[in-house]
>>> print(open('work.txt').read())   # compact mmCIF, C-alpha atoms
# COMPACT_ATOMS: atom_id res chain seq x y z
CA MET A 1 3.06 108.20 346.82
CA TYR A 2 4.64 108.45 343.55
CA ALA A 3 7.72 109.59 341.90
CA ARG A 4 5.93 111.70 339.33
CA SER A 5 2.40 111.71 340.51
CA VAL A 6 1.20 111.83 343.99
CA PHE A 7 4.38 112.75 345.69
CA MET A 8 6.43 113.98 342.84
CA GLY A 9 3.33 115.96 342.16
CA LEU A 10 3.94 117.55 345.53
CA LEU A 11 7.43 118.48 344.46
CA VAL A 12 6.52 120.11 341.20
CA PHE A 13 3.03 121.49 341.60
CA SER A 14 3.23 124.75 339.84
CA ALA A 15 0.76 127.56 340.05
CA VAL A 16 2.66 129.80 337.63
CA VAL A 17 4.30 128.80 334.35
CA ALA A 18 6.63 131.28 332.65
CA THR A 19 7.31 131.16 328.92
CA GLY A 20 10.53 133.19 328.99
CA ALA A 21 10.42 133.35 325.18
CA SER A 22 11.75 136.91 324.95
CA PRO A 23 12.01 140.02 327.10
CA ALA A 24 9.44 141.72 324.87
CA LYS A 25 6.77 139.17 325.74
CA LYS A 26 5.01 138.89 329.06
CA ALA A 27 5.34 135.63 330.92
CA ALA A 28 2.34 133.40 330.43
CA ALA A 29 0.00 133.66 333.35
CA GLY A 30 -0.66 130.48 335.30
CA PRO A 31 -4.09 129.37 336.38
CA SER A 32 -6.13 131.83 338.42
CA ASP A 33 -6.70 131.17 342.10
CA ALA A 34 -10.30 130.25 341.30
CA GLU A 35 -9.06 127.65 338.78
CA LEU A 36 -6.54 126.27 341.26
CA ILE A 37 -9.22 125.98 343.94
CA ALA A 38 -11.61 124.22 341.55
CA SER A 39 -8.87 121.77 340.53
CA ALA A 40 -7.81 121.07 344.13
CA MET A 41 -11.38 120.46 345.24
CA LYS A 42 -11.71 117.60 342.73
CA ALA A 43 -9.32 115.55 344.87
CA ALA A 44 -11.68 114.86 347.78
CA PRO A 45 -15.38 114.47 348.52
CA ALA A 46 -17.16 117.84 348.45
CA SER A 47 -17.85 117.56 352.18
CA VAL A 48 -14.08 117.49 352.83
CA ALA A 49 -12.90 119.83 350.07
CA LYS A 50 -15.29 122.65 350.92
CA ASP A 51 -13.57 123.30 354.26
CA ALA A 52 -10.01 122.30 353.31
CA THR A 53 -7.04 124.61 353.03
CA ILE A 54 -6.05 125.01 349.37
CA VAL A 55 -2.31 125.24 348.71
CA ALA A 56 -0.24 125.38 345.54
CA MET A 57 3.47 125.05 344.94
CA GLU A 58 4.92 128.11 343.31
CA ALA A 59 7.44 127.94 340.47
CA GLY A 60 10.30 128.48 342.97
CA GLY A 61 9.21 125.53 345.11
CA THR A 62 7.55 127.45 347.92
CA MET A 63 4.03 126.63 349.05
CA ARG A 64 1.38 129.31 348.84
CA THR A 65 -1.88 129.15 350.75
CA ILE A 66 -4.66 130.15 348.40
CA ARG A 67 -7.52 129.59 350.84
CA LYS A 68 -7.33 128.87 354.57
CA GLY A 69 -9.47 125.94 355.68
CA THR A 70 -10.96 124.78 358.94
CA ASN A 71 -11.06 120.95 358.83
CA GLY A 72 -7.38 119.93 358.99
CA PHE A 73 -7.17 118.83 355.34
CA SER A 74 -5.03 120.51 352.67
CA CYS A 75 -5.81 120.11 348.98
CA MET A 76 -3.50 120.76 346.04
CA PRO A 77 -4.49 121.32 342.42
CA ASP A 78 -3.52 119.17 339.46
CA ASN A 79 0.12 119.36 338.45
CA PRO A 80 0.04 120.62 334.85
CA THR A 81 3.47 119.10 334.10
CA THR A 82 2.29 115.50 334.56
CA PRO A 83 0.42 113.61 331.84
CA GLY A 84 -2.80 112.99 333.77
CA PRO A 85 -4.93 114.50 336.51
CA ASP A 86 -3.45 114.33 339.99
CA PRO A 87 -5.02 116.78 342.43
CA MET A 88 -4.70 115.52 346.00
CA CYS A 89 -6.07 116.25 349.45
CA MET A 90 -4.51 115.12 352.73
CA ASP A 91 -4.77 115.41 356.48
CA ALA A 92 -1.99 116.92 358.60
CA ASN A 93 -0.29 113.57 359.25
CA ALA A 94 -0.22 112.78 355.54
CA MET A 95 1.21 116.23 354.83
CA ALA A 96 4.00 115.56 357.37
CA TRP A 97 4.63 112.20 355.67
CA ALA A 98 4.77 113.92 352.25
CA HIS A 99 7.22 116.54 353.52
CA ALA A 100 9.44 113.73 354.87
CA TRP A 101 9.27 111.99 351.49
CA MET A 102 10.06 115.18 349.57
CA GLY A 103 12.96 115.98 351.88
CA HIS A 104 14.38 112.43 351.90
CA LYS A 105 13.87 112.41 355.67
CA PRO A 106 12.53 109.77 358.06
CA VAL A 107 8.75 109.39 358.14
CA PRO A 108 7.26 110.70 361.41
CA ALA A 109 6.66 107.72 363.71
CA GLY A 110 3.16 107.00 364.97
CA LYS A 111 1.40 109.40 362.59
CA VAL A 112 -0.92 107.55 360.24
CA GLY A 113 -2.22 109.84 357.52
CA PHE A 114 -5.01 109.76 354.95
CA MET A 115 -4.95 111.12 351.39
CA TYR A 116 -7.57 111.44 348.67
CA MET A 117 -6.86 111.35 344.94
CA LEU A 118 -10.38 110.99 343.62
CA ALA A 119 -9.48 112.35 340.18
CA GLY A 120 -6.88 109.60 339.79
CA GLY A 121 -3.12 109.67 339.64
CA THR A 122 -0.48 110.09 337.01
CA ASP A 123 1.79 107.22 336.09
CA ALA A 124 4.41 106.49 338.74
CA SER A 125 6.97 103.92 339.78
CA ASN A 126 5.67 101.28 342.16
CA THR A 127 9.14 100.52 343.48
CA ASP A 128 11.18 103.74 343.42
CA PRO A 129 9.62 106.68 345.29
CA TYR A 130 11.98 109.09 343.52
CA ALA A 131 11.76 107.83 339.93
CA THR A 132 10.97 110.53 337.40
CA LYS A 133 10.43 108.36 334.35
CA PRO A 134 9.79 104.72 333.48
CA THR A 135 12.73 102.33 333.21
CA ALA A 136 12.95 98.60 332.63
CA ASN A 137 13.19 98.01 336.39
CA ASN A 138 10.99 100.54 338.18
CA HIS A 139 7.53 99.07 337.52
CA TRP A 140 5.64 102.12 336.29
CA VAL A 141 1.91 101.97 337.02
CA LYS A 142 -1.22 104.00 336.31
CA THR A 143 -3.83 104.44 338.99
CA GLY A 144 -7.40 105.60 338.83
CA PRO A 145 -9.33 107.31 341.62
CA HIS A 146 -8.00 106.13 344.98
CA VAL A 147 -7.26 106.93 348.60
CA MET A 148 -4.00 106.32 350.41
CA ILE A 149 -3.03 105.47 353.95
CA VAL A 150 0.49 106.58 354.81
CA GLY A 151 2.68 106.29 357.87
CA GLY A 152 1.36 102.92 359.03
CA ASP A 153 3.59 100.44 360.81
CA GLN A 154 5.05 97.42 359.04
CA ALA A 155 2.40 95.02 360.39
CA PHE A 156 -0.33 97.10 358.76
CA TYR A 157 1.32 96.91 355.33
CA ASP A 158 2.02 93.20 355.73
CA SER A 159 -1.73 92.64 355.40
CA TYR A 160 -1.77 93.76 351.74
CA PRO A 161 -0.19 92.67 348.43
CA LYS A 162 3.27 94.11 347.81
CA ALA A 163 4.16 92.76 344.37
CA ALA A 164 6.03 95.17 342.12
CA ASP A 165 3.60 94.35 339.30
CA HIS A 166 0.15 94.24 340.81
CA ASP A 167 -3.51 94.63 340.07
CA THR A 168 -4.30 98.31 340.67
CA SER A 169 -8.02 97.55 340.90
CA VAL A 170 -7.53 96.14 344.42
CA PRO A 171 -5.73 97.59 347.47
CA TYR A 172 -1.94 97.16 347.37
CA VAL A 173 1.22 98.59 348.92
CA MET A 174 3.06 101.05 346.72
CA CYS A 175 6.83 101.46 347.14
CA ALA A 176 6.87 98.42 349.43
CA GLY A 177 9.97 98.00 351.51
CA THR A 178 10.93 101.68 351.31
CA PRO A 179 10.42 104.18 354.14
CA TYR A 180 7.70 105.72 351.97
CA GLN A 181 5.53 102.65 351.43
CA HIS A 182 1.82 103.38 351.55
CA LEU A 183 -1.48 101.66 350.95
CA MET A 184 -3.24 102.43 347.69
CA ALA A 185 -6.96 101.69 347.77
CA PRO A 186 -8.99 102.17 344.58
CA VAL A 187 -12.41 103.72 344.99
CA LYS A 188 -13.93 103.06 341.56
>>> encode(input="work.txt", output="C-alpha cells")
Amino acid sequence: MYARSVFMGLLVFSAVVATGASPAKKAAAGPSDAELIASAMKAAPASVAKDATIVAMEAGGTMRTIRKGTNGFSCMPDNPTTPGPDPMCMDANAMAWAHAWMGHKPVPAGKVGFMYMLAGGTDASNTDPYATKPTANNHWVKTGPHVMIVGGDQAFYDSYPKAADHDTSVPYVMCAGTPYQHLMAPVK
C-alpha cells in the first residue's frame, strides 16, 4: 500500500473536517454517514460492498464503524485530503496487514489478504511505504483501479516485476523488499 494513498489513506481517512476559523463560526461538517457509505462502496464490487462493514477514521485517528457488515470485508471512504479517489475495501487479513503497516509493526505471518481499490489510488511512493510526498528518489506512481494481495511470502512476490519504475498497467510488486511489499494488479 502506499505512503499517501492506500495505506497512508488508512492513516488519515477523515470523516470530519474542522475549519477552526473563529470561535464564532461552527466547525464545517464532514460528509454525512450516507455519503461516507456511498464513497466506501465504490471501492469493491457491489456484491462485496453491499454486505461489508463500513468504517471511517475520525479526525483524532480513531476508527468509527458506520455500518456493521456480515461478509468479513471492511470498506473505507475516499480520503478527502489526497488528490485523487482512494476508497478501499479489504478482508480481515488485509486489515491486520494494514494495521501492522500503520503501526510500523511486523506483518502477521501466514495471513494473505485481499484488497479492492476499484476507484483507483492516489499517487504514492513505490519504494518507501511511509513517504508523504514525492522526492527525487522515492519513485512516486499513480495507479488506476486495482486489487492488491498483501501478506504473501517472498516466493509469491518473486514471481512478479519489482522495478522501482514500472508499468502500472500490469501486475507488479509495490514497496518491494520492505516488510510491506504487496502485489498491485490493475483491473482496467
>>> closest_residue(input="work.txt", among="A:Val107, A:Cys175, A:Ala185, A:Met117", to="Gly152 in chain A", atoms="all atoms listed in the file")
A:Val107
>>> atom_distance(input="work.txt", atom1="CA of His182 in chain A", atom2="CA of Gly61 in chain A")
24.2 Å
>>> closest_residue(input="work.txt", among="A:Gly30, A:Pro145, A:Gly103, A:Pro80", to="Met115 in chain A", atoms="only C-alpha atoms")
A:Pro145
>>> atom_distance(input="work.txt", atom1="CA of His166 in chain A", atom2="CA of Thr143 in chain A")
11.1 Å
>>> residues_around(input="work.txt", residues="Val187 in chain A", least_positions_apart="3", cutoff="12 Å", atoms="all atoms listed in the file", output="list in words")
Ala44, Pro45, Tyr116, Met117, Leu118, Ala119, Gly120, Thr143, Gly144, Pro145, His146, Val147, Met148, Thr168, Ser169, Val170, Pro171 and Met184 of chain A
>>> closest_residue(input="work.txt", among="A:Gly177, A:Pro134, A:Pro161, A:Pro31", to="Asp78 in chain A", atoms="only C-alpha atoms")
A:Pro31
>>> closest_atom_pairs(input="work.txt", of="range 130-167 of chain A", to="range 98-102 of chain A", cutoff="12 Å", atoms="all atoms listed in the file", output="Markdown table")
| residue | atom | partner | partner_atom | distance |
| --- | --- | --- | --- | --- |
| A:Tyr130 | CA | A:Met102 | CA | 8.8 |
| A:Met148 | CA | A:Ala98 | CA | 11.7 |
| A:Ile149 | CA | A:Ala98 | CA | 11.6 |
| A:Val150 | CA | A:Ala98 | CA | 8.9 |
| A:Gly151 | CA | A:Ala98 | CA | 9.7 |
>>> atom_distance(input="work.txt", atom1="CA of Tyr172 in chain A", atom2="CA of Tyr160 in chain A")
5.5 Å
>>> closest_residue(input="work.txt", among="A:Pro77, A:Pro179, A:Pro186, A:Gly110", to="Ala40 in chain A", atoms="all atoms listed in the file")
A:Pro77
>>> closest_residue(input="work.txt", among="A:Ser39, A:Thr53, A:Asn138, A:Ser32", to="Thr65 in chain A", atoms="only C-alpha atoms")
A:Thr53
>>> closest_residue(input="work.txt", among="A:Glu35, A:Asp128, A:Asp86, A:Asp51", to="Gln181 in chain A", atoms="all atoms listed in the file")
A:Asp128
>>> decode(input="work.txt", residues="range 93-105 of chain A", atoms="all heavy atoms", output="PDB file, in the first residue's frame")
ATOM      1  N   ASN A  93      -7.648 -10.284   6.930  1.00  0.00           N
ATOM      2  CA  ASN A  93      -6.191 -10.433   6.884  1.00  0.00           C
ATOM      3  C   ASN A  93      -5.526  -9.176   6.337  1.00  0.00           C
ATOM      4  O   ASN A  93      -4.473  -8.768   6.817  1.00  0.00           O
ATOM      5  CB  ASN A  93      -5.790 -11.649   6.045  1.00  0.00           C
ATOM      6  CG  ASN A  93      -6.066 -12.953   6.762  1.00  0.00           C
ATOM      7  OD1 ASN A  93      -6.328 -12.982   7.957  1.00  0.00           O
ATOM      8  ND2 ASN A  93      -5.997 -14.039   6.028  1.00  0.00           N
ATOM      9  N   ALA A  94      -6.134  -8.570   5.336  1.00  0.00           N
ATOM     10  CA  ALA A  94      -5.577  -7.325   4.788  1.00  0.00           C
ATOM     11  C   ALA A  94      -5.678  -6.197   5.816  1.00  0.00           C
ATOM     12  O   ALA A  94      -4.776  -5.358   5.917  1.00  0.00           O
ATOM     13  CB  ALA A  94      -6.281  -6.947   3.494  1.00  0.00           C
ATOM     14  N   MET A  95      -6.740  -6.179   6.589  1.00  0.00           N
ATOM     15  CA  MET A  95      -6.879  -5.156   7.635  1.00  0.00           C
ATOM     16  C   MET A  95      -5.785  -5.346   8.683  1.00  0.00           C
ATOM     17  O   MET A  95      -5.176  -4.365   9.136  1.00  0.00           O
ATOM     18  CB  MET A  95      -8.259  -5.224   8.285  1.00  0.00           C
ATOM     19  CG  MET A  95      -8.496  -4.132   9.308  1.00  0.00           C
ATOM     20  SD  MET A  95      -8.546  -2.457   8.619  1.00  0.00           S
ATOM     21  CE  MET A  95     -10.256  -2.340   8.169  1.00  0.00           C
ATOM     22  N   ALA A  96      -5.483  -6.587   9.057  1.00  0.00           N
ATOM     23  CA  ALA A  96      -4.395  -6.847  10.018  1.00  0.00           C
ATOM     24  C   ALA A  96      -3.059  -6.394   9.434  1.00  0.00           C
ATOM     25  O   ALA A  96      -2.229  -5.811  10.136  1.00  0.00           O
ATOM     26  CB  ALA A  96      -4.357  -8.323  10.388  1.00  0.00           C
ATOM     27  N   TRP A  97      -2.853  -6.649   8.137  1.00  0.00           N
ATOM     28  CA  TRP A  97      -1.638  -6.212   7.450  1.00  0.00           C
ATOM     29  C   TRP A  97      -1.546  -4.683   7.485  1.00  0.00           C
ATOM     30  O   TRP A  97      -0.493  -4.116   7.778  1.00  0.00           O
ATOM     31  CB  TRP A  97      -1.666  -6.735   6.015  1.00  0.00           C
ATOM     32  CG  TRP A  97      -0.492  -6.367   5.183  1.00  0.00           C
ATOM     33  CD1 TRP A  97       0.639  -7.107   4.997  1.00  0.00           C
ATOM     34  CD2 TRP A  97      -0.322  -5.191   4.388  1.00  0.00           C
ATOM     35  NE1 TRP A  97       1.498  -6.449   4.150  1.00  0.00           N
ATOM     36  CE2 TRP A  97       0.931  -5.274   3.762  1.00  0.00           C
ATOM     37  CE3 TRP A  97      -1.116  -4.069   4.156  1.00  0.00           C
ATOM     38  CZ2 TRP A  97       1.404  -4.277   2.918  1.00  0.00           C
ATOM     39  CZ3 TRP A  97      -0.638  -3.079   3.315  1.00  0.00           C
ATOM     40  CH2 TRP A  97       0.612  -3.193   2.708  1.00  0.00           C
ATOM     41  N   ALA A  98      -2.665  -4.009   7.194  1.00  0.00           N
ATOM     42  CA  ALA A  98      -2.679  -2.545   7.178  1.00  0.00           C
ATOM     43  C   ALA A  98      -2.397  -1.977   8.569  1.00  0.00           C
ATOM     44  O   ALA A  98      -1.663  -0.994   8.702  1.00  0.00           O
ATOM     45  CB  ALA A  98      -4.023  -2.039   6.653  1.00  0.00           C
ATOM     46  N   HIS A  99      -2.947  -2.591   9.597  1.00  0.00           N
ATOM     47  CA  HIS A  99      -2.672  -2.126  10.959  1.00  0.00           C
ATOM     48  C   HIS A  99      -1.188  -2.295  11.299  1.00  0.00           C
ATOM     49  O   HIS A  99      -0.599  -1.433  11.954  1.00  0.00           O
ATOM     50  CB  HIS A  99      -3.554  -2.847  11.979  1.00  0.00           C
ATOM     51  CG  HIS A  99      -4.964  -2.362  11.993  1.00  0.00           C
ATOM     52  ND1 HIS A  99      -5.326  -1.090  12.383  1.00  0.00           N
ATOM     53  CD2 HIS A  99      -6.119  -2.972  11.645  1.00  0.00           C
ATOM     54  CE1 HIS A  99      -6.636  -0.945  12.278  1.00  0.00           C
ATOM     55  NE2 HIS A  99      -7.144  -2.073  11.831  1.00  0.00           N
ATOM     56  N   ALA A 100      -0.589  -3.393  10.844  1.00  0.00           N
ATOM     57  CA  ALA A 100       0.855  -3.594  11.070  1.00  0.00           C
ATOM     58  C   ALA A 100       1.640  -2.503  10.363  1.00  0.00           C
ATOM     59  O   ALA A 100       2.560  -1.906  10.938  1.00  0.00           O
ATOM     60  CB  ALA A 100       1.279  -4.981  10.572  1.00  0.00           C
ATOM     61  N   TRP A 101       1.268  -2.215   9.114  1.00  0.00           N
ATOM     62  CA  TRP A 101       1.943  -1.170   8.347  1.00  0.00           C
ATOM     63  C   TRP A 101       1.812   0.179   9.055  1.00  0.00           C
ATOM     64  O   TRP A 101       2.787   0.892   9.248  1.00  0.00           O
ATOM     65  CB  TRP A 101       1.376  -1.126   6.935  1.00  0.00           C
ATOM     66  CG  TRP A 101       1.828   0.053   6.160  1.00  0.00           C
ATOM     67  CD1 TRP A 101       3.039   0.229   5.558  1.00  0.00           C
ATOM     68  CD2 TRP A 101       1.096   1.251   5.945  1.00  0.00           C
ATOM     69  NE1 TRP A 101       3.090   1.465   4.965  1.00  0.00           N
ATOM     70  CE2 TRP A 101       1.912   2.106   5.185  1.00  0.00           C
ATOM     71  CE3 TRP A 101      -0.177   1.675   6.305  1.00  0.00           C
ATOM     72  CZ2 TRP A 101       1.487   3.366   4.794  1.00  0.00           C
ATOM     73  CZ3 TRP A 101      -0.594   2.927   5.907  1.00  0.00           C
ATOM     74  CH2 TRP A 101       0.239   3.756   5.161  1.00  0.00           C
ATOM     75  N   MET A 102       0.588   0.529   9.445  1.00  0.00           N
ATOM     76  CA  MET A 102       0.357   1.823  10.091  1.00  0.00           C
ATOM     77  C   MET A 102       1.119   1.940  11.398  1.00  0.00           C
ATOM     78  O   MET A 102       1.591   3.016  11.752  1.00  0.00           O
ATOM     79  CB  MET A 102      -1.135   2.048  10.334  1.00  0.00           C
ATOM     80  CG  MET A 102      -1.917   2.278   9.068  1.00  0.00           C
ATOM     81  SD  MET A 102      -3.660   2.665   9.372  1.00  0.00           S
ATOM     82  CE  MET A 102      -4.261   1.149  10.089  1.00  0.00           C
ATOM     83  N   GLY A 103       1.259   0.828  12.114  1.00  0.00           N
ATOM     84  CA  GLY A 103       1.921   0.848  13.404  1.00  0.00           C
ATOM     85  C   GLY A 103       3.411   0.553  13.349  1.00  0.00           C
ATOM     86  O   GLY A 103       4.045   0.406  14.393  1.00  0.00           O
ATOM     87  N   HIS A 104       3.959   0.428  12.120  1.00  0.00           N
ATOM     88  CA  HIS A 104       5.384   0.099  11.957  1.00  0.00           C
ATOM     89  C   HIS A 104       5.717  -1.199  12.688  1.00  0.00           C
ATOM     90  O   HIS A 104       6.752  -1.312  13.334  1.00  0.00           O
ATOM     91  CB  HIS A 104       6.283   1.230  12.467  1.00  0.00           C
ATOM     92  CG  HIS A 104       6.115   2.521  11.728  1.00  0.00           C
ATOM     93  ND1 HIS A 104       7.100   3.034  10.927  1.00  0.00           N
ATOM     94  CD2 HIS A 104       5.089   3.403  11.661  1.00  0.00           C
ATOM     95  CE1 HIS A 104       6.682   4.185  10.410  1.00  0.00           C
ATOM     96  NE2 HIS A 104       5.473   4.424  10.838  1.00  0.00           N
ATOM     97  N   LYS A 105       4.833  -2.172  12.584  1.00  0.00           N
ATOM     98  CA  LYS A 105       4.995  -3.451  13.270  1.00  0.00           C
ATOM     99  C   LYS A 105       5.184  -4.568  12.245  1.00  0.00           C
ATOM    100  O   LYS A 105       4.907  -4.386  11.064  1.00  0.00           O
ATOM    101  CB  LYS A 105       3.771  -3.731  14.137  1.00  0.00           C
ATOM    102  CG  LYS A 105       3.566  -2.675  15.206  1.00  0.00           C
ATOM    103  CD  LYS A 105       2.598  -3.142  16.245  1.00  0.00           C
ATOM    104  CE  LYS A 105       2.276  -2.098  17.265  1.00  0.00           C
ATOM    105  NZ  LYS A 105       3.296  -1.630  18.091  1.00  0.00           N
TER     106      LYS A 105
END
